[in-house]
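Engineer: One structure follows; several queries about it will come next.
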Amino acid sequence: MGKLYTGDPSEIIQSFPHFNLQMHCCHYWWIKNWEHKKLSFPFWRIYNNKQKGGFMEYKHQVYGMEPDTLYLIAPNTDYSSRLYNNAIPEEGYHLTGGRISETTKKERDKLIGSGAIEHLFIHFTLGYPYDNVSSGIYPFPMNKHFEDKIKLLQNYLTKDVAQFNFTIFLTIQSLICELLFKMGEEKWKYPVKDVRIARIISYIENNINEEFTNESIANIANMATNAFSRLFKEYIGDTLQNFIKKKRIQSACLLLLHSDKSIDEIAEETGFANRYHFTRIFSKFTGYAPARYRKNGIIS
């Protein structure tokens, strides 16, 4: 006979994985050109094209974007994109497109008749460690659940692109969760090495505009500075200060692409001393000046 519990069942301490799903955008566009030599951003993406003709290439594998397939793309995946046999420019991108909500039915039919493709895309992040999975493009065949959700989103985004009601928001979240589930359990297995490191990474992500020193971070972890610095590099494979710079840049990338804040405001919000310092570090890590990165990433 098993143990009898007569008190509050919550006396059993349970541990659950923690993730912080942050939505950054959900858009429905028409596109006639989508030629990018390199697309790589620090967030997850979901793509679905309503017509054939879109292509992505990653690690010499070409993905023809079928209408009956959803494509989940992990953060920091370097890939190129194009429509049809259009040439990919050596630098930058070639984009022609616009929001479907800004077209009439007649204009939309004319665009599709002339070769435009209806392109649904969603950007989101999950936080550490789930934004640090292996890069890659994951195609999933459309099932009835996916099809119903995609149609609902397409219809909604045809009319409204700014204000999402609770039902639509839940629809997006359920689509994301189902796709992540289908990636397989092995993708989400992270060895637990030291809870102090995980706590510090979470603290850095949530307070990215603060000034961090090795000493101040080590104090939060209740460790000596040198001991914590060694432990952090052993666990992460990078120095603490270089890791903080990368996190600042990742936060800046999200703000450049998904907000209308000025570059000065973004520099301040992500913990850089000034715009000059921000531009120098951002260009070093991404290969683009912030303004060009924002322009190149207008749709991705």
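Letters A, B, ... mark the chains of the structure tokens in the order given; residue numbers begin at 1 per chain; ligand numbers begin at 1, in order shown.
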Taking 4 positions as the minimum chain separation for residues in the same chain, which residues sit within 12 Å of Phe228 of chain A when counting only C-alpha atoms? Answer as JSON, numbers by chain.

Structural biologist: {"A": [194, 196, 197, 200, 213, 214, 215, 216, 217, 218, 219, 220, 221, 222, 223, 224, 232, 233, 234, 235, 236, 239, 240]}

Engineer: Would you tabulate, counting only C-alpha atoms, all residues of segment 190-282 of chain A that have an atom at most 9 Å from an atom of segment 29-41 of chain A, showing the closest pair of atoms and their distance in Å to one decimal, sorted by chain then ascending number, as JSON lines?

Structural biologist:
{"residue": "A:Gln250", "atom": "CA", "partner": "A:Phe41", "partner_atom": "CA", "distance": 8.1}
{"residue": "A:Cys253", "atom": "CA", "partner": "A:Phe41", "partner_atom": "CA", "distance": 7.4}
{"residue": "A:Leu254", "atom": "CA", "partner": "A:Phe41", "partner_atom": "CA", "distance": 8.4}

Engineer: Could you dump the residues just selected with N, CA and C atoms as an mmCIF file, in the first residue's frame?

Structural biologist:
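out-v7.cif was written with the following content:
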data_model
loop_
_atom_site.group_PDB
_atom_site.id
_atom_site.type_symbol
_atom_site.label_atom_id
_atom_site.label_comp_id
_atom_site.auth_asym_id
_atom_site.auth_seq_id
_atom_site.Cartn_x
_atom_site.Cartn_y
_atom_site.Cartn_z
ATOM 1 N N GLN A 250 22.464 41.040 -28.594
ATOM 2 C CA GLN A 250 21.239 40.303 -28.919
ATOM 3 C C GLN A 250 19.995 41.119 -28.555
ATOM 4 N N CYS A 253 19.621 43.831 -31.120
ATOM 5 C CA CYS A 253 19.085 43.309 -32.391
ATOM 6 C C CYS A 253 17.560 43.253 -32.345
ATOM 7 N N LEU A 254 17.027 42.749 -31.243
ATOM 8 C CA LEU A 254 15.569 42.647 -31.114
ATOM 9 C C LEU A 254 14.918 44.019 -31.152
#

Engineer: Find the residues around Pro42 of chain A up to 10 Å (only C-alpha atoms counted), leave out those fewer than 4 positions away in its own chain, and share them as a PyMOL selection string.

Structural biologist: chain A and resi 74-77+123-125+131-132+247+249-251+253-254

Engineer: Of the candidates A:Ser80, A:Ser135, A:Asn209, A:Ser15, which one gets nearest to Tyr93 of chain A if we count only C-alpha atoms?

Structural biologist: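 Ranking A:Ser80, A:Ser135, A:Asn209, A:Ser15 by distance to Tyr93 of chain A, first place goes to A:Ser80.
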
Engineer: Residues at most 7 Å from segment 144-159 of chain A, counting only C-alpha atoms, excluding those fewer than 4 positions away in the same chain, as a list in words?

Structural biologist: His27, Tyr28, Ile100, Ser101, Thr171 and Leu175 of chain A

Engineer: Filtering to all heavy atoms, could you give me those residues as a PDB file, in the first residue's frame?

Structural biologist:
ATOM      1  N   HIS A  27       3.370  38.697 -38.555  1.00  0.00           N
ATOM      2  CA  HIS A  27       2.993  39.493 -39.719  1.00  0.00           C
ATOM      3  C   HIS A  27       2.581  38.608 -40.891  1.00  0.00           C
ATOM      4  O   HIS A  27       3.011  37.456 -41.004  1.00  0.00           O
ATOM      5  CB  HIS A  27       4.152  40.399 -40.168  1.00  0.00           C
ATOM      6  CG  HIS A  27       4.415  41.543 -39.241  1.00  0.00           C
ATOM      7  ND1 HIS A  27       3.474  42.505 -38.940  1.00  0.00           N
ATOM      8  CD2 HIS A  27       5.536  41.888 -38.538  1.00  0.00           C
ATOM      9  CE1 HIS A  27       4.002  43.400 -38.110  1.00  0.00           C
ATOM     10  NE2 HIS A  27       5.249  43.042 -37.850  1.00  0.00           N
ATOM     11  N   TYR A  28       1.796  39.193 -41.769  1.00  0.00           N
ATOM     12  CA  TYR A  28       1.341  38.528 -42.990  1.00  0.00           C
ATOM     13  C   TYR A  28       1.591  39.501 -44.135  1.00  0.00           C
ATOM     14  O   TYR A  28       0.925  40.531 -44.234  1.00  0.00           O
ATOM     15  CB  TYR A  28      -0.147  38.189 -42.854  1.00  0.00           C
ATOM     16  CG  TYR A  28      -0.710  37.284 -43.911  1.00  0.00           C
ATOM     17  CD1 TYR A  28       0.068  36.320 -44.550  1.00  0.00           C
ATOM     18  CD2 TYR A  28      -2.057  37.380 -44.269  1.00  0.00           C
ATOM     19  CE1 TYR A  28      -0.467  35.471 -45.500  1.00  0.00           C
ATOM     20  CE2 TYR A  28      -2.604  36.526 -45.225  1.00  0.00           C
ATOM     21  CZ  TYR A  28      -1.806  35.582 -45.828  1.00  0.00           C
ATOM     22  OH  TYR A  28      -2.350  34.755 -46.780  1.00  0.00           O
ATOM     23  N   ILE A 100      -0.284  42.685 -46.229  1.00  0.00           N
ATOM     24  CA  ILE A 100      -1.507  42.314 -46.933  1.00  0.00           C
ATOM     25  C   ILE A 100      -2.687  43.138 -46.427  1.00  0.00           C
ATOM     26  O   ILE A 100      -3.607  43.449 -47.184  1.00  0.00           O
ATOM     27  CB  ILE A 100      -1.763  40.800 -46.796  1.00  0.00           C
ATOM     28  CG1 ILE A 100      -0.742  40.047 -47.663  1.00  0.00           C
ATOM     29  CG2 ILE A 100      -3.187  40.420 -47.189  1.00  0.00           C
ATOM     30  CD1 ILE A 100      -0.834  38.557 -47.618  1.00  0.00           C
ATOM     31  N   SER A 101      -2.639  43.558 -45.170  1.00  0.00           N
ATOM     32  CA  SER A 101      -3.730  44.361 -44.607  1.00  0.00           C
ATOM     33  C   SER A 101      -3.866  45.709 -45.311  1.00  0.00           C
ATOM     34  O   SER A 101      -4.898  46.361 -45.199  1.00  0.00           O
ATOM     35  CB  SER A 101      -3.504  44.581 -43.110  1.00  0.00           C
ATOM     36  OG  SER A 101      -2.297  45.293 -42.887  1.00  0.00           O
ATOM     37  N   THR A 171      -3.731  31.551 -29.763  1.00  0.00           N
ATOM     38  CA  THR A 171      -3.536  30.773 -30.990  1.00  0.00           C
ATOM     39  C   THR A 171      -2.060  30.757 -31.382  1.00  0.00           C
ATOM     40  O   THR A 171      -1.500  29.705 -31.713  1.00  0.00           O
ATOM     41  CB  THR A 171      -4.368  31.361 -32.143  1.00  0.00           C
ATOM     42  OG1 THR A 171      -5.752  31.314 -31.791  1.00  0.00           O
ATOM     43  CG2 THR A 171      -4.150  30.578 -33.432  1.00  0.00           C
ATOM     44  N   LEU A 175       0.456  27.450 -31.259  1.00  0.00           N
ATOM     45  CA  LEU A 175       1.195  27.051 -32.456  1.00  0.00           C
ATOM     46  C   LEU A 175       2.678  26.910 -32.136  1.00  0.00           C
ATOM     47  O   LEU A 175       3.324  25.920 -32.511  1.00  0.00           O
ATOM     48  CB  LEU A 175       0.982  28.088 -33.558  1.00  0.00           C
ATOM     49  CG  LEU A 175       1.749  27.866 -34.871  1.00  0.00           C
ATOM     50  CD1 LEU A 175       1.276  26.612 -35.572  1.00  0.00           C
ATOM     51  CD2 LEU A 175       1.600  29.081 -35.785  1.00  0.00           C
TER      52      LEU A 175
END

Engineer: Could you tell me which of A:Lys261, A:Lys246, A:Arg45, A:Arg275 comes closest to Ile122 of chain A if we count only C-alpha atoms?

Structural biologist: A:Arg45

Engineer: Residues near Asn49 of chain A, anyone? I mean within 8 Å using only C-alpha atoms, not counting same-chain ones fewer than 4 positions away, as a PyMOL selection string.

Structural biologist: chain A and resi 54+65-67+117-120

Engineer: Pull C-alpha atoms from the residues just selected and write them as a tab-separated table (two decimals), in the first residue's frame.

Structural biologist:
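Printed below is out-v7.tsv as written:
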chain	number	residue	atom	x	y	z
A	54	GLY	CA	10.20	30.44	-51.83
A	65	MET	CA	8.99	26.31	-49.04
A	66	GLU	CA	5.83	24.30	-49.61
A	67	PRO	CA	2.41	25.72	-48.65
A	117	ILE	CA	3.78	35.10	-52.51
A	118	GLU	CA	1.79	35.46	-49.29
A	119	HIS	CA	4.27	35.07	-46.43
A	120	LEU	CA	3.32	34.58	-42.75

Engineer: Run DSSP on the backbone and give me the residues of segment 48-195 of chain A it puts in helix (DSSP H, G or I), as an NGL selection string.

Structural biologist: :A and (100-102 or 105-113 or 144-159 or 166-182 or 185-188 or 195)

Engineer: Using only C-alpha atoms, find the one residue out of A:Pro17, A:Gly115, A:Gly97, A:Gly136 that sits nearest to Lys59 of chain A.

Structural biologist: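 For Lys59 of chain A, the nearest of the given residues is A:Gly136.
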
Engineer: Of the candidates A:Leu256, A:Ile244, A:Ala87, A:Leu72, which one gets nearest to Lys182 of chain A if we count only C-alpha atoms?

Structural biologist: A:Leu72

Engineer: So, with only C-alpha atoms as the atoms that count, which of A:His24, A:Lys52, A:Arg199, A:Arg99 lies closest to Tyr84 of chain A?

Structural biologist: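 Of the candidates, the smallest distance to Tyr84 of chain A is held by A:Lys52.
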
Engineer: Tell me which protein, DNA and RNA residues are within 12 Å of Glu265 of chain A, counting only C-alpha atoms, leaving out same-chain ones fewer than 4 positions away, and put them as a list of chain:residue names.

Structural biologist: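 What passes the distance filter is A:Asn209, A:Ala252, A:Leu255, A:Leu256, A:Ser259, A:Asp260, A:Lys261, A:Glu269, A:Thr270, A:Gly271, A:Phe272, A:Ala273, A:Asn274, A:Arg275, A:Phe278.
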
Engineer: Go through A:Cys26, A:Val195, A:Leu21, A:Ile12 and flag the residue nearest Val161 of chain A, using only C-alpha atoms for the distances.

Structural biologist: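 Nearest to Val161 of chain A: A:Cys26.
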
Engineer: Give me, as a CSV table (one decimal) with N, CA and C atoms, in the first residue's frame, all polymer residues having an atom no more than 12 Å from Tyr288 of chain A, counting only C-alpha atoms and skipping those fewer than 6 positions away in the same chain.

Structural biologist:
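Dumped to result13.csv:
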chain,number,residue,atom,x,y,z
A,38,LYS,N,22.4,36.5,-46.3
A,38,LYS,CA,22.6,35.9,-45.0
A,38,LYS,C,21.5,36.5,-44.1
A,91,GLU,N,25.9,41.4,-51.5
A,91,GLU,CA,25.8,42.1,-50.3
A,91,GLU,C,24.4,42.6,-50.0
A,92,GLY,N,24.0,42.7,-48.8
A,92,GLY,CA,22.7,43.2,-48.4
A,92,GLY,C,21.5,42.3,-48.9
A,249,ILE,N,24.2,42.9,-27.3
A,249,ILE,CA,24.0,42.9,-28.8
A,249,ILE,C,22.7,42.2,-29.2
A,253,CYS,N,19.6,43.8,-31.1
A,253,CYS,CA,19.1,43.3,-32.4
A,253,CYS,C,17.6,43.3,-32.3
A,278,PHE,N,28.2,51.9,-28.7
A,278,PHE,CA,27.3,50.9,-29.2
A,278,PHE,C,27.6,50.5,-30.6
A,279,THR,N,27.7,51.5,-31.5
A,279,THR,CA,27.9,51.3,-32.9
A,279,THR,C,29.2,50.5,-33.1
A,280,ARG,N,30.3,50.8,-32.4
A,280,ARG,CA,31.6,50.1,-32.5
A,280,ARG,C,31.5,48.7,-32.1
A,281,ILE,N,30.8,48.4,-31.0
A,281,ILE,CA,30.7,47.0,-30.5
A,281,ILE,C,29.7,46.2,-31.4
A,282,PHE,N,28.6,46.9,-31.8
A,282,PHE,CA,27.6,46.2,-32.6
A,282,PHE,C,28.2,45.8,-33.9
A,294,ARG,N,19.2,47.4,-39.1
A,294,ARG,CA,17.7,47.6,-39.0
A,294,ARG,C,17.1,47.6,-40.4
A,295,LYS,N,17.8,48.2,-41.3
A,295,LYS,CA,17.3,48.3,-42.7
A,295,LYS,C,17.3,46.9,-43.4
A,296,ASN,N,18.4,46.2,-43.2
A,296,ASN,CA,18.5,44.9,-43.8
A,296,ASN,C,17.5,43.9,-43.3
A,297,GLY,N,17.1,44.1,-42.0
A,297,GLY,CA,16.2,43.1,-41.3
A,297,GLY,C,14.8,43.5,-41.4

Engineer: Please measure the separation of atom CA of Ala289 of chain A and atom CA of Gln241 of chain A, giving the value in Å to one decimal.

Structural biologist: 21.3 Å

Engineer: Which parts of segment 16-200 of chain A does DSSP call strand (DSSP E) when run on the backbone here, written out as an NGL selection string?

Structural biologist: :A and (22-39 or 44-49 or 54-58 or 61-65 or 69-73 or 79-83 or 93-99 or 117-125 or 137-141)

Engineer: Measure the distance from atom CA of Ile201 of chain A to atom CA of Leu170 of chain A in Å and round it to one decimal.

Structural biologist: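 Taking atom CA of Ile201 of chain A as the start and atom CA of Leu170 of chain A as the end point, the length is 28.1 Å.
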
Engineer: Can you work out the spacing between atom CA of Gly113 of chain A and atom CA of His94 of chain A in Å, to one decimal?

Structural biologist: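 One can read the atom CA of Gly113 of chain A to atom CA of His94 of chain A distance as 20.4 Å.
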